[in-house]
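Heads up, the thing below is written out as structure tokens.
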Amino acid sequence: MSMLGVLRGPRQVVFGAGQRHALGALTAALGSRALVCTDARFGATAEFAELVGLLEGAGVHVTVFDEVLPDVPVRQVNECAGLVRDAAPDVVVGMGGGSCIDLAKAVAVVLTHGGEASDYYGELRVPGPVTPVVALPTTAGTGSEVTPVAVLTDPERVSKVGISSPYLIPHTAVCDPELTLGCPPALTASAGADALSHGIEAFTAVRRPVTTELATERVFVGKNELTDSYALMAVRQVAGSLHRAWSDPGDMGAREAMMLGATAGGFALGTSGTAAAHAIQYPVGALTHTPHGIGVGVLLPYVMEFNRPARVPELAAVAVAMGASAQTTEEDLAGEAIDRVAALLASVGIPATLAELGLPADRLRWTAEQALGAARLIANNPRPLDVDALERIVRAAHTGDRAALRETTVPGSASPDLTTTAGAR
């Protein structure tokens with residue numbers, strides 16, 4: 001097999017406790033007029049006022065948009081861009097959770113290239129560089145501070161939509177785990193489940209045939225040598241710290257490890273991509289109105305079980321990264337990886353089934369049909385997926401029957417790594 005490595009990321013990442021104090025100088029190096037995007041909760045805190053003061057102290061004129069909503073409605077992108085256009089920001093700062101950073105990215109696109117956010121849905125539709133973005137996360141989960149995608153909610157579509165382009169990657173990420181101290185247990189669990197899923201789905205994603213066009217024709221190229229290292233880093237960090245951070249919101253060591261895991265997961269998914277757990281979560285979230293991280297957390301063990309025949313060595317490596325002894329067979333370790341993931345997520349209150357999330361039993365086929373529409377994610381799965389296979393996963397996740405997904409061979413596929421699904425963009 002030819003070796004392939006592709007990795008994309010910000011121009012610089014500044015990580016560590018207290019590093020938020022560099023925000024003023026880092027931003028001033030990019031522009032003198034900043035739009036700051038955050039939500040009402042963080043916008044009302046002393047920490048936010050301190051950060052704005054750092055920007056202003058560095059000579060940056062600040063315009064604040066503090067109305068970011070969860071799962072960013074697409075209307076907010078156009079609304080924010082319209083409100084601040086006269087201020088002519090030359091840098092956009094996203095402060096907060098993934099939604100705040102996603103809005104900052106999408107607004108940067110519209111401010112630079114005009115039109116509306118919907119003009120850029122899909123992959124590689126942003127025509128060129130955008131207003132530089134500085135990302136400062138206050139949760140440890142999405143990895144949006146280093147990724148090339150902004151996820152939005154459009155009322156005309158059942159599932160979320162995304163703008164995906166290397167031009168969306170923030171110029172600078174400032175990752176200060178002190179900003180996550182005191183994060184409530186429920187949010188810690190949801191964000192942590194998201195970060196864990198990023199590492200595992202990136203590490204077990206499809207491995208595409210090596211071509212010289214792969215990295216230029218796709219935003220998400222699949223599993224490769226460079227993203228694998230970040231994916232396993234994410235798994236190790238989250239596995240060793242999620243329960244500690246959840247049970248003790250003031251555990252600084254756990255908070256540092258969680259933010260490192262989230263950023264590493266962002267590097268992994270930002271080039272490799274995610275797969276079936278994320279595809280199924282979109283319609284599940286739309287029906288149940290539950291947080292993204294909770295949905296992917298419920299689904300992850302079932303998707304791992306479905307993909308197990310095609311990814312035994314990778315799942316064995318996941319088990320070892322989570323603390324399992326390597327002194328056993330890969331087959332046994334693959335099963336242990338799934339058990340360890342399920343146990344970790346259960347320990348922080350992630351439900352075990354989609355039924356517990358409130359997914360109606362009469363909407364399982366519909367959920368599978370809608371998930372199939374997330375073509376980019378479906379094409380990235382290591383085992384081929386059609387609506388029947390997706391329904392098998394959804395039904396197993398609804399009832400809690402992981403055993404229903406266990407197989408020893410990959411049916412109907414001589415090579416699960418050769419994915420040529422139409423419409424993968």
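By convention in this document, the chains of the structure tokens carry letters A, B, ... by their order, each chain's residues are numbered from 1, and ligands are numbered from 1 in the order they are shown.
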
If you count only C-alpha atoms, which residues fall within 7 Å of Thr153 in chain A, apart from same-chain ones fewer than 6 positions away, as a PDB file with N, CA and C atoms, in the first residue's frame?
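Contents of out05.pdb, as written:
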ATOM      1  N   ASP A  71     -26.391  25.478  17.318  1.00  0.00           N
ATOM      2  CA  ASP A  71     -26.657  24.902  15.995  1.00  0.00           C
ATOM      3  C   ASP A  71     -26.931  26.000  14.960  1.00  0.00           C
ATOM      4  N   VAL A  72     -26.180  27.045  15.011  1.00  0.00           N
ATOM      5  CA  VAL A  72     -26.283  28.267  14.210  1.00  0.00           C
ATOM      6  C   VAL A  72     -27.333  28.255  13.094  1.00  0.00           C
ATOM      7  N   PRO A  73     -28.474  28.902  13.282  1.00  0.00           N
ATOM      8  CA  PRO A  73     -29.416  29.070  12.169  1.00  0.00           C
ATOM      9  C   PRO A  73     -28.756  29.869  11.052  1.00  0.00           C
ATOM     10  N   VAL A  74     -28.949  29.450   9.823  1.00  0.00           N
ATOM     11  CA  VAL A  74     -28.263  30.098   8.696  1.00  0.00           C
ATOM     12  C   VAL A  74     -28.620  31.579   8.606  1.00  0.00           C
ATOM     13  N   LYS A 160     -28.703  19.191   9.323  1.00  0.00           N
ATOM     14  CA  LYS A 160     -27.775  20.310   9.274  1.00  0.00           C
ATOM     15  C   LYS A 160     -27.048  20.326   7.932  1.00  0.00           C
ATOM     16  N   VAL A 161     -26.509  21.491   7.613  1.00  0.00           N
ATOM     17  CA  VAL A 161     -25.738  21.649   6.382  1.00  0.00           C
ATOM     18  C   VAL A 161     -24.372  22.204   6.755  1.00  0.00           C
TER      19      VAL A 161
END

Residue contacts of Ala49 in chain A (12 Å, only C-alpha atoms) excluding same-chain residues fewer than 4 positions away, as an MDAnalysis selection string = chainID A and resid 36 38 42:45 53:57 62 64 66 95

Saved selection, atoms kept: N, CA and C atoms, as a short mmCIF file (atom, residue, chain, number, x, y, z; two decimals), in the first residue's frame:
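What follows is the written file again02.cif:
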data_model
loop_
_atom_site.label_atom_id
_atom_site.label_comp_id
_atom_site.auth_asym_id
_atom_site.auth_seq_id
_atom_site.Cartn_x
_atom_site.Cartn_y
_atom_site.Cartn_z
N VAL A 36 -16.26 40.35 16.91
CA VAL A 36 -16.21 39.27 17.89
C VAL A 36 -17.57 38.58 17.94
N THR A 38 -19.92 35.74 19.74
CA THR A 38 -20.08 34.89 20.91
C THR A 38 -21.57 34.74 21.20
N PHE A 42 -21.78 33.53 27.35
CA PHE A 42 -20.38 33.89 27.54
C PHE A 42 -20.19 35.41 27.43
N GLY A 43 -21.02 36.05 26.61
CA GLY A 43 -20.91 37.49 26.44
C GLY A 43 -21.20 38.27 27.70
N ALA A 44 -21.87 37.64 28.67
CA ALA A 44 -22.21 38.33 29.93
C ALA A 44 -21.20 38.06 31.04
N THR A 45 -20.12 37.33 30.74
CA THR A 45 -19.18 36.94 31.78
C THR A 45 -18.02 37.93 31.91
N GLY A 53 -11.20 43.51 26.51
CA GLY A 53 -10.22 44.49 26.98
C GLY A 53 -8.83 44.23 26.43
N LEU A 54 -8.47 42.95 26.29
CA LEU A 54 -7.17 42.62 25.72
C LEU A 54 -7.08 43.08 24.27
N LEU A 55 -8.16 42.90 23.52
CA LEU A 55 -8.19 43.34 22.12
C LEU A 55 -8.07 44.86 22.04
N GLU A 56 -8.87 45.53 22.83
CA GLU A 56 -8.85 47.00 22.78
C GLU A 56 -7.51 47.54 23.27
N GLY A 57 -6.92 46.87 24.26
CA GLY A 57 -5.63 47.31 24.76
C GLY A 57 -4.52 47.15 23.73
N VAL A 62 -13.29 47.01 18.42
CA VAL A 62 -14.09 45.79 18.55
C VAL A 62 -15.57 46.06 18.30
N VAL A 64 -19.07 43.79 18.64
CA VAL A 64 -19.49 42.54 19.25
C VAL A 64 -20.84 42.09 18.69
N ASP A 66 -23.20 39.23 20.02
CA ASP A 66 -23.29 38.28 21.14
C ASP A 66 -24.63 37.56 21.18
N MET A 95 -15.43 33.41 19.81
CA MET A 95 -15.18 33.04 21.21
C MET A 95 -16.37 32.24 21.72
#

Counting only C-alpha atoms, figure out which residue out of A:Gly358, A:Gly5, A:Gly128, A:Gly143 gets nearest to Gly266 in chain A.
->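 For Gly266 in chain A, the nearest of the candidates is A:Gly143.
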